[in-house]
Amino acid sequence: MKAVRFTGPKELKYEDVEKPHINSDEVLVKVKAVGICGSDMELYSGEHPYIKKELTRYPLIPGHEWSGIIEEVGLDVKGLKIGDRVTSDVSLGCGECLMCKKGRYNLCPNRIVVGSYKNKDGAFAEHIKVPSKNIYKIPDTMSFEEGSMIESAATCSYGIMRINMDYGSTVLVIGDGPIGQLAMQCAKSAGASKVYLVGSWEEKMNIAKSTGADAVLNYKKDDILKEINKLTEGEGVDVVIESSGNPITFNQSLNAVKPGGKVLLLSIYTSSEFMSEINSIVAKDLDVYGALGSPNAFGPTIDLMESGRINVKPLITHNYPLKNAKEAIEMIENKKECRIKAVLIP
Ligand SMILES: [Zn+2]
Ligand SMILES: [Zn+2]
């Protein structure tokens with residue numbers, strides 16, 4: 001089969017690789033769409049923590065945001081058949097350890113992660129194999145491109161599920177990329193009264209407005225804290241969701257949240273400059289949450305997408321044939337075009 005492999009930092013090849021052979025508990029899926037994630041970009045550049053810690057090595061097949069059609073079913077697989085339209089979890093737990101038994105398989109010490117960890121081949125390829133227990137069917141009304149966004153949406157759903165947000169909360173989302181946009185929609189669908197989104201691209205902020213943001217703030221023009229004070233009558237918001245991975249916005253989150261509020265971190269930080277506002281966590285009696293992956297979130301996310309409460313369509317701004325992955329990656333690196341999600345089609 002054809003696949004895109006990252007062969008070294010900033011090196012990519014579209015080439016023939018062996019088609020995966022399935023075990024009795026696995027299915028083989030023909031990939032129909034696969035999104036390019038920020039973490040795929042880090043695998044490409046070599047900045048990804050798993051590359052740095054040698055938890056995965058070149059050459060590797062990236063891609064964990066995918067959808068496709070089942071082409072082959074292992075002998076022991078029940079409830080799935082050839083022709084089913086599906087996607088899968090990203091963290092594949094062992095199913096045996098204490099974390100897996102608690103349902104926290106994103107923290108399983110024996111887990112593999114599709115397309116990034118311990119060289120589990122990803123979906124930048126014509127086929128992928130996955131254990132059947134990690135597979136989810138997608139509705140017939142959902143396109144494969146939309147299906148490839150389930151994982152990103154589920155990551156945001158998981159974050160919202162994790163923080164037990166109070167009904168009617170006011171929420172500030174920092175970041176206008178796919179995770180910021182989807183976190184905004186998830187917060188709305190979970191009962192937030194008002195959601196404000198911070199970004200910089202006019203087009204992206206218009207998309208946020210059209211999909212439910214109550215106000216959008218431009219960090220290049222607006223004083224974010226001043227605006228949040230205005231919008232909340234000086235109180236601050238109940239919840240801040242930070243998706244930009246920047247120490248400045250992390251500190252901004254701690255300033256914008258009201259005492260007793262919650263801060264949810266949905267990005268990885270590569271800088272160590274975090275000390276300036278850290279005492280706010282103590283002084284404001286805050287709850288700060290991290291969220292890794294999307295355990296137990298695919299089911300509810302697919303339902304919310306099917307019902308239209310989460311709308312990913314306007315977020316898919318680019319698509320390319322898989323063989324043109326390099327062109328897609330260069331478009332993302334150049335940051336010249338307004339982009340939310342770019343999808344590859346094998
Ligand atoms: Zn992703
Ligand atoms: Zn486990």
# chains A, B, ... in the order shown; residues from 1 in each chain; ligands from 1

call {"tool": "residues_near_ligand", "arguments": {"ligand": "ligand 2", "cutoff": "8 Å", "atoms": "only C-alpha atoms and all ligand atoms", "output": "PyMOL selection string"}}
result
chain A and resi 93-101+105+107-111

call {"tool": "residues_near_ligand", "arguments": {"ligand": "ligand 1", "cutoff": "7 Å", "atoms": "only C-alpha atoms and all ligand atoms", "output": "number ranges by chain"}}
result
A: 37-39, 64-65, 151-152

call {"tool": "write_last_selection", "arguments": {"atoms": "C-alpha atoms", "output": "PDB file, in the first residue's frame"}}
result
ATOM      1  CA  CYS A  37      -2.789  17.508  13.774  1.00  0.00           C
ATOM      2  CA  GLY A  38      -0.393  19.916  15.484  1.00  0.00           C
ATOM      3  CA  SER A  39       1.260  16.847  16.989  1.00  0.00           C
ATOM      4  CA  HIS A  64      -4.443   9.608  14.376  1.00  0.00           C
ATOM      5  CA  GLU A  65      -7.445  11.671  13.221  1.00  0.00           C
ATOM      6  CA  GLU A 151     -10.882  12.622  17.506  1.00  0.00           C
ATOM      7  CA  SER A 152     -10.217  16.362  17.847  1.00  0.00           C
TER       8      SER A 152
END

call {"tool": "closest_atom_pairs", "arguments": {"of": "range 136-174 of chain A", "to": "range 80-92 of chain A", "cutoff": "9 Å", "atoms": "only C-alpha atoms", "output": "JSON lines"}}
result
{"residue": "A:Tyr136", "atom": "CA", "partner": "A:Thr87", "partner_atom": "CA", "distance": 5.4}
{"residue": "A:Lys137", "atom": "CA", "partner": "A:Val86", "partner_atom": "CA", "distance": 4.3}
{"residue": "A:Ile138", "atom": "CA", "partner": "A:Val86", "partner_atom": "CA", "distance": 5.2}
{"residue": "A:Pro139", "atom": "CA", "partner": "A:Arg85", "partner_atom": "CA", "distance": 7.5}
{"residue": "A:Asp140", "atom": "CA", "partner": "A:Arg85", "partner_atom": "CA", "distance": 7.6}
{"residue": "A:Phe144", "atom": "CA", "partner": "A:Arg85", "partner_atom": "CA", "distance": 8.3}
{"residue": "A:Gly147", "atom": "CA", "partner": "A:Thr87", "partner_atom": "CA", "distance": 7.1}
{"residue": "A:Ser148", "atom": "CA", "partner": "A:Thr87", "partner_atom": "CA", "distance": 7.5}
{"residue": "A:Ile150", "atom": "CA", "partner": "A:Thr87", "partner_atom": "CA", "distance": 8.0}
{"residue": "A:Glu151", "atom": "CA", "partner": "A:Asp89", "partner_atom": "CA", "distance": 7.3}

call {"tool": "closest_residue", "arguments": {"among": "A:Cys186, A:His21, A:Ala283, A:Cys338", "to": "Met205 in chain A", "atoms": "only C-alpha atoms"}}
result
A:Cys338

call {"tool": "residues_around", "arguments": {"residues": "range 320-328 of chain A", "least_positions_apart": "6", "cutoff": "9 Å", "atoms": "only C-alpha atoms", "output": "VMD selection string"}}
result
chain A and resid 2 to 4 12 to 15 33 to 34 36 124 to 126 342 to 346

call {"tool": "residues_around", "arguments": {"residues": "Tyr50 in chain A", "least_positions_apart": "2", "cutoff": "12 Å", "atoms": "only C-alpha atoms", "output": "ChimeraX atom specification"}}
result
/A:39-40,42-44,46-48,52-58,60,112-113,115-119

call {"tool": "closest_residue", "arguments": {"among": "A:Ala215, A:Gly299, A:Lys10, A:Lys19", "to": "Met41 in chain A", "atoms": "only C-alpha atoms"}}
result
A:Lys10

call {"tool": "residues_around", "arguments": {"residues": "Leu217 in chain A", "least_positions_apart": "2", "cutoff": "12 Å", "atoms": "only C-alpha atoms", "output": "PyMOL selection string"}}
result
chain A and resi 172-176+195-202+204-206+208-209+213-215+219-228+231

call {"tool": "closest_residue", "arguments": {"among": "A:Thr7, A:Thr232, A:Ser169, A:Ser67", "to": "Gly261 in chain A", "atoms": "only C-alpha atoms"}}
result
A:Ser169

call {"tool": "atom_distance", "arguments": {"atom1": "CA of Pro20 in chain A", "atom2": "CA of Pro131 in chain A"}}
result
12.5 Å

call {"tool": "select_by_dssp", "arguments": {"residues": "range 153-291 of chain A", "states": "strand (DSSP E or B)", "output": "count of residues only"}}
result
34

call {"tool": "closest_residue", "arguments": {"among": "A:Ser243, A:Asn296, A:Ser280, A:Ser24", "to": "Lys102 in chain A", "atoms": "only C-alpha atoms"}}
result
A:Asn296

call {"tool": "closest_residue", "arguments": {"among": "A:Ala291, A:Ile329, A:Met184, A:Val73", "to": "Glu11 in chain A", "atoms": "only C-alpha atoms"}}
result
A:Ile329
